[in-house]
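Visitor: Sharing a structure, written as structure tokens. Questions coming.
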Amino acid sequence: MVFEQQKQLDLLNTFKVSARAQYFYQFSSVEQLMGELDKIRSFDNRLVLGGGSNILFVGDYLGLVLYPQLFGIDIIEETDKHVCVSVGASENWHEFVVTMTEQGFYGLENLALIPGTVGASPVQNIGAYGVEVKDVLRLVECVDLNSGELLTFSNHECEFDYRDSRFKKAGQGRYIVTRVEFNLTKTPQTNTSYQPLSSIFGDSAHVSPLKVLKKVCEIRQAKLPEPKVLPNAGSFFKNPVVTKQKYEQLKESFPKLIAYPVGGGFKLAAGWLIDNAGLKGMQKGRVGIHKHQALVLVNLGESDGRLIWQLAKEVQSKVASMYGVDLEPEVRIEGKSIEPTVQGV
Ligand code: EPU
């Protein structure tokens with residue numbers, strides 16, 4: 001049997017909660033993966049684990065956890081103005097961003113310090129400071145476990161949306177991303193339109209990408225807890241989108257509400273909703289809400305992921321009763337979920 005059994009996942013999730021995988025398969029090449037396809041496909045429950053930075057285990061995973069170890073960064077096309085780079089799915093996202101920017105290949109600088117792997121970046125279309133991965137991605141190569149084929153999807157075929165893509169919609173365990181290609185530019189064209197950057201740099205497109213990268217790192221380090229120091233999974237919830245009518249009604253009751261127009265509606269700053277409900281910095285047992293960014297739940301030493309999920313549900317119900325808005329988790333909830341029996345939480 002090439003699959004490990006009862007594999008401890010504690011160090012493979014940035015919430016650092018305790019969980020085990022019933023079966024676990026680590027592979028380091030596409031050929032190796034293809035060689036085990038029949039066995040892999042015999043599992044009904046499959047989960048692809050990258051950097052474990054967007055997942056909350058609320059129990060052991062009953063099924064097969066796939067753990068790719070696919071590395072390599074190669075320039076596959078280059079002109080005077082552009083490069084196309086092919087990157088193995090398991091490369092660390094932030095290190096990739098820094099390496100490219102330092103080499104003079106631009107477009108990724110606003111996405112610095114996002115935890116996780118390159119292969120996870122298209123799954124939830126990671127984004128920050130006015131840029132999303134869909135803005136620089138050329139194609140995604142993946143194995144479709146339903147058909148057993150190695151496929152490529154163009155940017156358009158990835159069906160990107162806010163923190164969403166075809167890979168997320170298909171459900172975990174259908175596609176295993178193996179490689180991603182990015183179109184980067186050699187001519188600096190920075191995007192400083194997002195408020196925290198425009199207030200420093202103005203809307204100038206002439207700021208050096210390296211300066212933008214450094215500033216993004218500073219802003220993130222000031223607001224967002226470093227998972228290695230204070231375990232977390234970034235924004236726990238998505239920013240909810242509501243109708244114009246709902247937004248106007250809320251704005252009347254809460255004049256300081258922060259929201260951005262999107263499509264025909266408005267995207268509300270979920271961090272503001274939670275903060276304004278008085279929950280920022282709140283602590284319950286060994287779990288809490290970060291003191292500088294209310295959208296981030298933090299683990300203060302708890303090993304039971306169910307208690308983090310329980311706090312998340314309390315946040316959801318408070319926000320629903322105060323504003324009539326449903327918060328949807330951005331983080332994936334996985335593992336067998338049984339209500340905790342721990343007293344006093
Ligand atoms: N705000 C508060 N109180 C808070 C948190 C936020 O009032 O506790 C206000 C802020 O002052 C700001 C607004 O809400 O006016 C938005 O906050 P912020 O700029 O921090 O961004 P966000 O909407 O909370 C999103 C992404 C982050 C990304 C930032 C920067 C989502 C779910 N989150 O957060 O992504 O880094 O924008 O672009 O879209 C992640 O996905 O894990 C993540 C960290």
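Chain labels run A, B, ... following the order of the structure tokens; each chain numbers its residues from 1, and ligands are numbered from 1 in the order shown.
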Taking only C-alpha atoms and all ligand atoms into account, report as a tab-separated table (two decimals) with N, CA and C atoms, in the first residue's frame which residues have an atom no farther than 7 Å from an atom of ligand 1.
Guide:
chain	number	residue	atom	x	y	z
A	126	ILE	N	-7.04	33.87	-5.35
A	126	ILE	CA	-6.54	34.72	-4.26
A	126	ILE	C	-6.43	36.17	-4.72
A	127	GLY	N	-6.62	37.08	-3.80
A	127	GLY	CA	-6.58	38.49	-4.18
A	127	GLY	C	-6.21	39.37	-3.00
A	128	ALA	N	-5.62	40.51	-3.29
A	128	ALA	CA	-5.35	41.50	-2.26
A	128	ALA	C	-4.93	42.81	-2.92
A	129	TYR	N	-5.29	43.91	-2.29
A	129	TYR	CA	-4.86	45.24	-2.72
A	129	TYR	C	-5.11	45.50	-4.20
A	130	GLY	N	-6.34	45.15	-4.62
A	130	GLY	CA	-6.78	45.51	-5.96
A	130	GLY	C	-6.35	44.58	-7.07
A	233	ALA	N	-6.03	31.31	9.44
A	233	ALA	CA	-6.15	30.97	8.02
A	233	ALA	C	-6.56	32.19	7.20
A	234	GLY	N	-6.05	33.36	7.58
A	234	GLY	CA	-6.41	34.60	6.86
A	234	GLY	C	-7.86	34.94	7.10
A	235	SER	N	-8.45	35.64	6.13
A	235	SER	CA	-9.87	36.01	6.27
A	235	SER	C	-10.70	34.75	6.45
A	236	PHE	N	-11.46	34.67	7.52
A	236	PHE	CA	-12.25	33.46	7.74
A	236	PHE	C	-13.52	33.47	6.88
A	237	PHE	N	-14.07	34.70	6.67
A	237	PHE	CA	-15.31	34.82	5.89
A	237	PHE	C	-15.05	35.62	4.62
A	238	LYS	N	-15.92	35.44	3.63
A	238	LYS	CA	-15.88	36.28	2.43
A	238	LYS	C	-16.58	37.59	2.74
A	239	ASN	N	-16.25	38.63	2.00
A	239	ASN	CA	-17.00	39.88	2.11
A	239	ASN	C	-18.34	39.66	1.40
A	258	ILE	N	-18.76	50.23	5.71
A	258	ILE	CA	-17.81	50.30	4.60
A	258	ILE	C	-18.23	49.29	3.54
A	269	ALA	N	-17.71	45.28	3.75
A	269	ALA	CA	-16.49	44.87	4.46
A	269	ALA	C	-16.93	44.07	5.69
A	270	ALA	N	-16.78	42.73	5.57
A	270	ALA	CA	-17.22	41.86	6.67
A	270	ALA	C	-16.45	42.18	7.95
A	271	GLY	N	-15.17	42.57	7.79
A	271	GLY	CA	-14.36	42.93	8.97
A	271	GLY	C	-15.01	44.09	9.72
A	272	TRP	N	-15.54	45.05	8.97
A	272	TRP	CA	-16.21	46.19	9.61
A	272	TRP	C	-17.48	45.73	10.34
A	274	ILE	N	-18.18	42.88	11.67
A	274	ILE	CA	-17.85	42.13	12.88
A	274	ILE	C	-17.28	43.07	13.95
A	275	ASP	N	-16.42	43.97	13.48
A	275	ASP	CA	-15.80	44.95	14.37
A	275	ASP	C	-16.88	45.84	15.01
A	280	LYS	N	-14.38	42.41	17.74
A	280	LYS	CA	-12.93	42.42	17.46
A	280	LYS	C	-12.15	42.23	18.76
A	292	HIS	N	-6.50	43.22	15.43
A	292	HIS	CA	-6.31	44.25	14.41
A	292	HIS	C	-7.15	44.03	13.16
A	293	GLN	N	-7.76	42.85	13.02
A	293	GLN	CA	-8.52	42.55	11.79
A	293	GLN	C	-9.59	41.52	12.18
A	294	ALA	N	-10.83	42.01	12.27
A	294	ALA	CA	-11.92	41.19	12.81
A	294	ALA	C	-12.33	40.03	11.90
A	295	LEU	N	-11.82	40.05	10.66
A	295	LEU	CA	-12.19	38.98	9.73
A	295	LEU	C	-11.32	37.72	9.93
A	330	GLU	N	-14.87	31.72	4.01
A	330	GLU	CA	-13.95	31.66	2.88
A	330	GLU	C	-13.09	30.42	3.06
Visitor: Considering only strand (DSSP E) as DSSP defines it on the backbone, what residues of segment 35-267 of chain A qualify? List them as a PyMOL selection string.
Guide: chain A and resi 46-48+55-57+61-68+73-78+82-88+127-128+131-132+137-144+149-154+175-185+232-235+241-242+259-262+265-267
Visitor: Just give me the gap between atom CA of Pro240 of chain A and atom CA of Cys142 of chain A in Å, one decimal is fine.
Guide: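 About the pair atom CA of Pro240 of chain A and atom CA of Cys142 of chain A: they are 29.7 Å apart.
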Visitor: So that I can see what lies close to Asn45 of chain A, please list as a ChimeraX atom specification the residues with an atom at most 8 Å from it, counting only C-alpha atoms and leaving out residues fewer than 6 positions away in the same chain.
Guide: /A:62-64,173
Visitor: Pick the closest to Asn13 of chain A from A:Leu111, A:Leu49, A:Cys84, A:Leu197: which is it, counting only C-alpha atoms?
Guide: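 Of A:Leu111, A:Leu49, A:Cys84, A:Leu197, the one nearest Asn13 of chain A is A:Leu49, counting only C-alpha atoms.
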Visitor: Any chance you could tabulate, as a Markdown table, the residues of segment 155-240 of chain A at most 10 Å from segment 143-149 of chain A with each one's nearest atom pair and distance in Å to one decimal, using only C-alpha atoms, in chain and rising number order?
Guide:
| residue | atom | partner | partner_atom | distance |
| --- | --- | --- | --- | --- |
| A:Gly173 | CA | A:Leu145 | CA | 7.5 |
| A:Arg174 | CA | A:Leu145 | CA | 5.2 |
| A:Tyr175 | CA | A:Asp144 | CA | 4.7 |
| A:Ile176 | CA | A:Val143 | CA | 5.1 |
| A:Val177 | CA | A:Val143 | CA | 6.5 |
| A:Thr178 | CA | A:Val143 | CA | 7.2 |
| A:Arg179 | CA | A:Val143 | CA | 10.0 |
Visitor: One decimal, in Å: what's the spacing between atom CA of Gln5 of chain A and atom CA of Ala19 of chain A?
Guide: 12.5 Å
Visitor: To one decimal place in Å, what is the distance between atom CA of Ala222 of chain A and atom CA of Gly281 of chain A?
Guide: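 Distance reported for this atom pair: 15.0 Å.
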Visitor: Taking only C-alpha atoms into account, name the residue in A:Asp304, A:Gln69, A:Tyr106, A:Val85 that is nearest to Ser28 of chain A.
Guide: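 The closest residue to Ser28 of chain A is A:Gln69.
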